[in-house]
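Structure file coords.tsv (TSV, C-alpha atoms) follows.
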chain	number	residue	atom	x	y	z
B	1	MET	CA	0.00	0.00	0.00
B	2	ASP	CA	2.75	2.45	0.91
B	3	ALA	CA	4.63	1.62	-2.27
B	4	GLN	CA	1.51	2.25	-4.36
B	5	ARG	CA	0.85	5.53	-2.58
B	6	ALA	CA	4.41	6.64	-3.16
B	7	LEU	CA	4.14	5.73	-6.83
B	8	LEU	CA	0.94	7.75	-7.19
B	9	ASP	CA	2.50	10.70	-5.38
B	10	GLU	CA	5.43	10.59	-7.77
B	11	LEU	CA	3.22	10.40	-10.87
B	12	MET	CA	0.31	12.66	-9.90
B	13	GLY	CA	1.66	14.71	-7.03
B	14	THR	CA	0.70	14.80	-3.38
B	15	ALA	CA	-2.29	17.06	-4.11
B	16	ARG	CA	-4.02	14.60	-6.41
B	17	ASN	CA	-6.93	14.00	-4.00
B	18	LEU	CA	-7.53	17.65	-3.13
B	19	THR	CA	-10.43	19.70	-4.38
B	20	GLU	CA	-10.01	22.90	-6.34
B	21	GLU	CA	-10.53	25.01	-3.23
B	22	GLU	CA	-8.03	22.98	-1.26
B	23	ARG	CA	-5.48	23.19	-4.03
B	24	LYS	CA	-5.56	26.98	-3.93
B	25	GLY	CA	-4.07	27.02	-0.43
B	26	HIS	CA	-1.94	23.94	-0.98
B	27	ARG	CA	1.83	24.22	-1.03
B	28	GLU	CA	4.10	21.50	-2.29
B	29	LEU	CA	6.36	20.05	0.37
B	30	ARG	CA	10.08	20.61	0.27
B	31	TRP	CA	12.74	18.42	1.77
B	32	ASP	CA	13.61	21.00	4.45
B	33	ASP	CA	10.02	21.26	5.78
B	34	LYS	CA	9.33	20.07	9.31
B	35	GLU	CA	6.69	17.67	8.03
B	36	VAL	CA	9.38	15.70	6.12
B	37	CYS	CA	11.27	12.94	7.94
B	38	ALA	CA	14.91	14.00	8.24
B	39	PHE	CA	15.91	10.44	9.21
B	40	TYR	CA	14.56	9.13	5.93
B	41	MET	CA	16.34	11.91	4.03
B	42	VAL	CA	19.80	11.17	5.36
B	43	ARG	CA	19.88	7.42	6.14
B	44	PHE	CA	16.91	5.35	7.33
B	45	CYS	CA	13.87	5.82	9.52
B	46	PRO	CA	13.79	3.52	12.59
B	47	HIS	CA	10.00	3.29	12.29
B	48	ASP	CA	10.48	1.27	9.10
B	49	LEU	CA	12.85	-1.29	10.65
B	50	PHE	CA	10.63	-3.09	13.17
B	51	VAL	CA	7.29	-3.40	11.42
B	52	ASN	CA	5.23	-6.36	12.79
B	53	THR	CA	7.81	-7.23	15.45
B	54	ARG	CA	7.85	-6.98	19.22
B	55	SER	CA	9.86	-3.75	18.84
B	56	ASP	CA	7.41	-2.14	16.39
B	57	LEU	CA	7.56	1.66	16.78
B	58	GLY	CA	4.41	2.29	14.80
B	59	PRO	CA	4.11	4.45	11.68
B	60	CYS	CA	6.37	7.47	11.36
B	61	PRO	CA	4.51	10.76	11.99
B	62	ARG	CA	6.48	12.50	9.23
B	63	VAL	CA	6.46	12.23	5.45
B	64	HIS	CA	8.60	9.68	3.60
B	65	ASP	CA	8.93	10.67	-0.04
B	66	GLN	CA	11.54	9.26	-2.39
B	67	LYS	CA	11.17	12.26	-4.70
B	68	LEU	CA	11.97	14.66	-1.84
B	69	LYS	CA	14.94	12.49	-0.90
B	70	GLU	CA	16.31	12.73	-4.43
B	71	SER	CA	15.76	16.49	-4.34
B	72	PHE	CA	17.69	16.63	-1.07
B	73	GLU	CA	20.58	14.63	-2.50
B	74	LYS	CA	20.83	17.00	-5.48
B	75	SER	CA	20.50	20.15	-3.39
B	76	SER	CA	23.45	22.50	-2.96
B	77	ARG	CA	22.73	22.52	0.79
B	78	HIS	CA	23.02	18.74	1.05
B	79	ASP	CA	26.48	18.69	2.65
B	80	ALA	CA	25.51	21.39	5.13
B	81	TYR	CA	22.39	19.55	6.36
B	82	VAL	CA	23.78	16.00	6.49
B	83	PRO	CA	25.65	16.47	9.81
B	84	LYS	CA	22.55	18.00	11.42
B	85	PHE	CA	20.22	15.21	10.25
B	86	GLU	CA	22.72	12.50	11.19
B	87	ALA	CA	23.10	13.98	14.69
B	88	GLU	CA	19.31	13.91	15.17
B	89	LEU	CA	19.14	10.32	13.91
B	90	ALA	CA	22.01	9.27	16.18
B	91	LYS	CA	20.26	10.79	19.20
B	92	PHE	CA	17.05	8.88	18.41
B	93	CYS	CA	18.94	5.62	17.82
B	94	GLU	CA	20.91	5.98	21.05
B	95	LYS	CA	17.65	6.19	22.97
B	96	LEU	CA	16.44	2.99	21.29
B	97	VAL	CA	19.68	1.19	22.12
B	98	MET	CA	19.60	2.39	25.74
B	99	ASP	CA	16.11	0.93	26.20
B	100	LEU	CA	17.21	-2.29	24.51
B	101	ASP	CA	20.33	-2.58	26.66
B	102	ARG	CA	18.19	-2.30	29.79
B	103	ARG	CA	16.09	-5.23	28.57
B	104	VAL	CA	19.24	-7.19	27.77
B	105	ARG	CA	20.61	-6.61	31.27
B	106	ARG	CA	17.36	-7.76	32.84
B	107	GLY	CA	17.34	-10.87	30.66
B	108	ARG	CA	20.97	-11.60	31.51
B	109	GLU	CA	20.26	-11.28	35.23
B	110	ARG	CA	17.25	-13.51	34.80
B	111	LEU	CA	19.34	-16.22	33.17
B	112	ALA	CA	22.08	-15.85	35.77
B	113	GLN	CA	19.74	-16.57	38.69
B	114	GLU	CA	20.46	-19.86	40.41
B	115	VAL	CA	17.52	-22.19	40.86
B	116	GLU	CA	17.53	-23.10	44.56
B	117	PRO	CA	15.33	-26.08	45.57
B	118	ALA	CA	12.53	-25.14	47.92
B	119	PRO	CA	12.63	-26.76	51.37
B	120	PRO	CA	10.32	-29.81	51.61
B	121	ALA	CA	6.95	-29.09	53.09
B	122	PRO	CA	5.90	-31.13	56.19
B	123	LEU	CA	3.83	-34.24	55.45
B	124	SER	CA	0.21	-34.38	56.42
B	125	ALA	CA	-0.96	-36.65	59.27
B	126	GLU	CA	-2.47	-39.15	56.85
B	127	LYS	CA	0.71	-39.44	54.81
B	128	SER	CA	2.78	-39.68	57.96
B	129	GLU	CA	0.66	-42.62	59.14
B	130	GLN	CA	0.95	-44.34	55.74
B	131	LEU	CA	4.69	-43.79	55.76
B	132	SER	CA	4.97	-45.38	59.24
B	133	VAL	CA	2.98	-48.44	58.10
B	134	LEU	CA	5.22	-48.86	55.02
B	135	GLU	CA	8.36	-48.57	57.05
B	136	GLU	CA	7.05	-51.21	59.52
B	137	LYS	CA	6.22	-53.61	56.66
B	138	ILE	CA	9.62	-53.13	55.06
B	139	LYS	CA	11.30	-53.81	58.38
B	140	ASN	CA	9.37	-57.08	58.93
B	141	LEU	CA	10.02	-58.28	55.38
B	142	LEU	CA	13.72	-57.63	55.71
B	143	GLU	CA	13.81	-59.73	58.88
B	144	GLN	CA	11.99	-62.54	57.07
B	145	VAL	CA	14.42	-62.32	54.15
B	146	GLU	CA	17.31	-62.64	56.54
B	147	ASN	CA	15.82	-65.71	58.24
B	148	LEU	CA	15.03	-67.39	54.92
B	149	GLY	CA	18.53	-66.74	53.72
B	150	GLU	CA	19.97	-68.42	56.81
B	151	ALA	CA	17.64	-71.38	56.26
B	152	GLY	CA	18.76	-71.74	52.66
B	153	LYS	CA	15.44	-70.84	51.13
B	154	VAL	CA	16.79	-68.59	48.43
B	155	ASP	CA	13.72	-68.48	46.17
B	156	GLU	CA	11.43	-67.41	48.95
B	157	ALA	CA	13.94	-64.79	50.12
B	158	GLU	CA	14.12	-63.31	46.60
B	159	ALA	CA	10.32	-63.12	46.39
B	160	LEU	CA	10.22	-61.17	49.65
B	161	MET	CA	12.94	-58.82	48.39
B	162	ARG	CA	10.80	-57.97	45.38
B	163	LYS	CA	8.04	-57.00	47.79
B	164	VAL	CA	10.49	-54.87	49.74
B	165	GLU	CA	11.46	-53.02	46.55
B	166	ALA	CA	7.82	-52.37	45.72
B	167	LEU	CA	7.23	-50.98	49.20
B	168	ASN	CA	10.27	-48.71	48.85
B	169	ALA	CA	8.85	-47.38	45.59
B	170	GLU	CA	5.58	-46.57	47.32
B	171	LYS	CA	7.54	-44.83	50.04
B	172	THR	CA	9.39	-42.69	47.50
B	173	VAL	CA	6.17	-41.65	45.80
B	174	LEU	CA	4.63	-40.83	49.15
B	175	THR	CA	7.53	-38.60	50.23
B	176	GLN	CA	7.98	-36.83	46.86
B	177	GLN	CA	6.67	-33.19	46.77
B	178	PRO	CA	5.15	-31.53	43.67
B	179	GLN	CA	7.59	-28.95	42.18
B	180	ASN	CA	6.75	-25.26	41.91
B	181	ASN	CA	5.86	-23.99	38.43
B	182	LYS	CA	8.21	-21.00	38.83
B	183	VAL	CA	11.10	-23.29	39.68
B	184	LEU	CA	10.36	-25.41	36.62
B	185	MET	CA	10.24	-22.28	34.40
B	186	LEU	CA	13.57	-20.96	35.71
B	187	ALA	CA	15.13	-24.38	35.28
B	188	GLN	CA	13.96	-24.40	31.70
B	189	GLU	CA	15.29	-20.89	31.07
B	190	LYS	CA	18.71	-22.00	32.23
B	191	LYS	CA	18.92	-23.72	28.84
B	192	MET	CA	18.12	-20.48	27.01
B	193	ALA	CA	20.56	-17.98	25.50
B	194	LEU	CA	20.25	-14.24	25.00
B	195	CYS	CA	20.95	-12.36	21.76
B	196	GLU	CA	23.18	-9.39	22.58
B	197	VAL	CA	22.15	-7.54	19.41
B	198	CYS	CA	18.35	-7.48	19.67
B	199	GLY	CA	17.73	-8.87	23.19
B	200	SER	CA	15.72	-11.92	22.07
B	201	PHE	CA	15.81	-15.21	23.97
B	202	LEU	CA	17.17	-18.14	21.99
B	203	VAL	CA	17.27	-21.85	22.72
B	204	ALA	CA	20.81	-22.90	23.50
B	205	ASN	CA	22.27	-25.35	20.98
B	206	ASP	CA	19.21	-24.90	18.77
B	207	ALA	CA	19.08	-26.10	15.19
B	208	ALA	CA	21.03	-24.10	12.62
B	209	GLU	CA	17.87	-23.34	10.65
B	210	ARG	CA	16.22	-21.64	13.63
B	211	THR	CA	19.36	-19.69	14.43
B	212	GLN	CA	19.65	-18.53	10.83
B	213	SER	CA	15.99	-17.55	10.84
B	214	HIS	CA	16.59	-15.36	13.88
B	215	VAL	CA	19.68	-13.70	12.38
B	216	THR	CA	17.82	-12.82	9.19
B	217	GLY	CA	14.73	-11.56	11.04
B	218	LYS	CA	13.55	-7.93	10.99
B	219	GLN	CA	14.26	-7.25	14.64
B	220	HIS	CA	17.82	-8.58	14.57
B	221	ILE	CA	18.67	-6.80	11.29
B	222	GLY	CA	16.99	-3.57	12.44
B	223	TYR	CA	18.89	-3.31	15.71
B	224	GLY	CA	22.06	-4.33	13.88
B	225	MET	CA	21.61	-1.36	11.53
B	226	VAL	CA	20.94	0.95	14.46
B	227	ARG	CA	24.04	-0.19	16.36
B	228	ASP	CA	26.24	-0.02	13.26
B	229	PHE	CA	25.07	3.52	12.51
B	230	ILE	CA	25.79	4.67	16.07
B	231	SER	CA	29.29	3.18	15.93
B	232	GLU	CA	29.94	4.75	12.54
B	233	PHE	CA	28.64	8.13	13.69
B	234	LYS	CA	30.83	8.10	16.81
B	235	GLU	CA	33.90	7.09	14.82
B	236	ALA	CA	33.28	9.86	12.29
B	237	LYS	CA	32.77	12.37	15.08
B	238	GLU	CA	35.95	11.26	16.83
B	239	LYS	CA	37.86	11.43	13.56
B	240	ALA	CA	36.55	14.94	12.88
B	241	ARG	CA	37.52	15.99	16.41
B	242	GLU	CA	41.01	14.55	15.93
B	243	GLU	CA	41.41	16.29	12.56
B	244	GLU	CA	40.29	19.57	14.12
B	245	ARG	CA	42.81	19.13	16.92
B	246	LEU	CA	45.62	18.41	14.45
B	247	ALA	CA	44.59	21.40	12.33
B	248	LYS	CA	44.72	23.67	15.40
B	249	GLU	CA	48.13	22.31	16.37
B	250	LYS	CA	49.36	22.84	12.81
B	251	GLU	CA	48.01	26.39	12.81
B	252	VAL	CA	49.71	27.12	16.13
B	253	GLU	CA	52.97	25.68	14.82
B	254	GLU	CA	52.76	27.76	11.63
B	255	ARG	CA	52.08	30.89	13.69
B	256	ARG	CA	55.07	30.11	15.88
B	257	LYS	CA	57.30	29.62	12.84
B	258	GLN	CA	55.97	32.84	11.30
B	259	ARG	CA	56.74	34.75	14.51
B	260	GLU	CA	60.23	33.28	14.61
B	261	LYS	CA	60.74	34.17	10.97
B	262	GLU	CA	59.57	37.74	11.55
B	263	TYR	CA	61.77	37.98	14.63
B	264	GLU	CA	64.82	36.77	12.70
B	265	SER	CA	64.01	39.17	9.86
B	266	ARG	CA	63.75	42.13	12.25
B	267	ARG	CA	66.92	41.03	13.97
B	268	SER	CA	68.85	40.75	10.70
B	269	ARG	CA	67.59	44.16	9.60
B	270	SER	CA	68.56	45.61	12.96
B	271	ASP	CA	72.07	44.11	12.77
B	272	SER	CA	72.46	45.36	9.19
B	273	GLY	CA	71.28	48.82	10.17
B	274	ASP	CA	73.70	48.94	13.10
B	275	GLY	CA	76.56	47.86	10.85
B	276	ASP	CA	75.73	50.53	8.30
B	277	LYS	CA	75.40	53.03	11.09
B	278	TYR	CA	78.82	52.10	12.44
B	279	ARG	CA	80.33	52.19	8.95
B	280	ASP	CA	78.75	55.59	8.35
B	281	ARG	CA	80.10	56.79	11.65
B	282	GLY	CA	83.59	55.57	10.68
B	283	LYS	CA	83.36	57.24	7.32
B	284	ASN	CA	82.11	60.47	8.86
B	285	SER	CA	84.87	60.42	11.49
B	286	ASP	CA	87.51	59.88	8.77
B	287	ARG	CA	85.96	62.63	6.72
B	288	TYR	CA	85.96	64.96	9.74
B	289	ARG	CA	89.55	64.04	10.51
B	290	GLU	CA	90.65	64.74	6.96
B	291	ARG	CA	88.76	68.00	6.99
B	292	ASP	CA	90.47	69.06	10.24
B	293	LEU	CA	93.84	68.15	8.80
B	294	ASP	CA	93.05	70.18	5.70
B	295	ARG	CA	92.09	73.10	7.86
B	296	GLU	CA	95.31	72.82	9.87
B	297	ARG	CA	97.38	72.60	6.71
B	298	SER	CA	95.52	75.55	5.27
B	299	ARG	CA	96.11	77.62	8.37
B	300	GLU	CA	99.77	76.58	8.43
B	301	TRP	CA	100.29	77.43	4.83
B	302	ASN	CA	98.40	80.66	5.20
B	303	GLY	CA	100.54	81.62	8.18
B	304	ARG	CA	103.76	80.87	6.41
B	305	GLY	CA	102.67	82.75	3.30
B	306	SER	CA	101.77	85.87	5.29
B	307	ARG	CA	105.08	85.91	7.14
B	308	ASP	CA	107.12	85.46	3.99
B	309	GLY	CA	105.14	88.15	2.22
B	310	GLU	CA	105.68	90.57	5.06
B	311	ARG	CA	109.42	89.93	5.03
B	312	GLU	CA	109.58	90.42	1.28
B	313	TRP	CA	107.60	93.66	1.54
B	314	ARG	CA	109.83	94.98	4.31
B	315	TYR	CA	112.89	93.98	2.42
B	316	LYS	CA	111.83	95.72	-0.70
B	317	ASN	CA	110.68	98.93	1.01
B	318	GLY	CA	113.64	99.20	3.35
B	319	ARG	CA	111.67	98.79	6.44
B	320	ASP	CA	113.59	95.90	7.77
B	321	GLY	CA	115.99	97.76	10.06
B	322	GLY	CA	117.96	94.78	11.03
B	323	ARG	CA	118.53	93.82	7.44
B	324	ASP	CA	119.58	97.42	6.61
B	325	ARG	CA	121.92	97.58	9.51
B	326	HIS	CA	123.46	94.34	8.50
B	327	HIS	CA	123.82	95.61	4.95
B	328	ASN	CA	125.42	98.87	6.07
B	329	HIS	CA	127.73	97.14	8.46
B	330	SER	CA	128.82	94.72	5.82
B	331	ARG	CA	129.51	97.65	3.45
B	332	SER	CA	131.51	99.56	6.03
B	333	ARG	CA	133.71	96.64	6.83
B	334	SER	CA	134.12	95.31	3.37
B	335	PRO	CA	137.24	97.50	2.38
B	336	GLY	CA	139.23	96.46	5.32
B	337	ARG	CA	138.34	92.89	4.87
B	338	HIS	CA	139.28	93.06	1.24
B	339	SER	CA	142.45	94.93	2.06
B	340	HIS	CA	143.35	92.41	4.65
B	341	ARG	CA	142.78	89.57	2.23
B	342	ARG	CA	145.00	91.35	-0.31
B	343	SER	CA	147.76	91.87	2.20

Could you render the structure from this file as structure tokens?
Amino acid sequence: MDAQRALLDELMGTARNLTEEERKGHRELRWDDKEVCAFYMVRFCPHDLFVNTRSDLGPCPRVHDQKLKESFEKSSRHDAYVPKFEAELAKFCEKLVMDLDRRVRRGRERLAQEVEPAPPAPLSAEKSEQLSVLEEKIKNLLEQVENLGEAGKVDEAEALMRKVEALNAEKTVLTQQPQNNKVLMLAQEKKMALCEVCGSFLVANDAAERTQSHVTGKQHIGYGMVRDFISEFKEAKEKAREEERLAKEKEVEERRKQREKEYESRRSRSDSGDGDKYRDRGKNSDRYRERDLDRERSREWNGRGSRDGEREWRYKNGRDGGRDRHHNHSRSRSPGRHSHRRS
């Protein structure tokens, strides 16, 4: 029926049964509407897994539409909505598994209970009297068997022994108590086994056909799918968390390397700037030293030139008294000196 309805919805649309007035206010469903089952969109709906089983969840209150599912898979927002829908499905499945695990624990405790025999109830007065009579008869017959055996009457002794055995059987039946139905049920369940996947009771060492029938049943397959999905979801979540952690560590390491690189770059620029500064200082100091030397040389040469010029000026203009005196003195003494040299 559901398959036929889905086929008609696909061919004629979901508004095929609406009147003209109803169609005016009708809006076609989209995959992101609240009325659409998100579980069915992303994976599976648990309501579809346990139909006609002891774990039947009933019909799903939301819409299951294959056409909407295909639209969701082709949508550009598919990858963005998958984690959200999977998280909702995982939460619902975890609740199912928690309830199932509680039933499994109760069943395991039930199988682990030890069947303790109930203490025998006291016999009634009538049975006690019958038991006393049987014990007295058995005692007398045993004495007779002993006497016949001493007398060599073996056949008669054996006949009495058969009577003794019959009386012992009556005594056993008389003293045996009826067992409790609960004790019998627990003793029977001790031979049962418990399925850890779906929580069903199985007969221990049952035929292979019955075991295979259970494994391929809806309930076992359904809970297997639920458990597998939860494990897969947790592994994917743990993997994503680990990748995020590694990405953060990598980012921190890259930032650290970048800071070190910037620090080394600033340091190298600083060292280079200091070296240039020192070289500039050396060049400037040499330049200043050469300039000072030039100034000293210039002053020295200027001083010498002024003194020599003054001497020359005085010499030419006759203002150098000492030089004139020396000239006159040399002239006054020159005849005598010459005369002396001649003589």

Cut-off 12 Å: closest region 65-108 of chain B/region 219-237 of chain B atom pairs per residue, using only C-alpha atoms, as CSV:
residue,atom,partner,partner_atom,distance
B:Val82,CA,B:Phe233,CA,11.7
B:Pro83,CA,B:Phe233,CA,9.7
B:Lys84,CA,B:Phe233,CA,11.8
B:Phe85,CA,B:Phe233,CA,11.5
B:Glu86,CA,B:Phe233,CA,7.8
B:Ala87,CA,B:Phe233,CA,8.1
B:Glu88,CA,B:Phe233,CA,11.1
B:Leu89,CA,B:Ile230,CA,9.0
B:Ala90,CA,B:Ile230,CA,6.0
B:Lys91,CA,B:Ile230,CA,8.8
B:Phe92,CA,B:Val226,CA,9.7
B:Cys93,CA,B:Val226,CA,6.1
B:Glu94,CA,B:Ile230,CA,7.1
B:Lys95,CA,B:Val226,CA,10.5
B:Leu96,CA,B:Val226,CA,8.4
B:Val97,CA,B:Arg227,CA,7.4
B:Met98,CA,B:Arg227,CA,10.7
B:Asp99,CA,B:Tyr223,CA,11.7
B:Leu100,CA,B:Tyr223,CA,9.0
B:Asp101,CA,B:Tyr223,CA,11.1

The distance between CA of Val145 (chain B) and CA of Val164 (chain B) is 9.5 Å

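Restricting the calculation to only C-alpha atoms, the smallest distance between Arg110 (chain B) and any of B:Glu249, B:Ala193, B:Thr216, B:Ala207 is found for B:Ala193.
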
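Separating CA of Val36 (chain B) from CA of Asp56 (chain B) is a distance of 20.7 Å.
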
10 Å contact set for Leu29 (chain B), all atoms listed in the file, chain neighbours under 4 positions out, as a list in words:
Thr14, Asp33, Lys34, Glu35, Val36, Val63, Asp65 and Leu68 of chain B
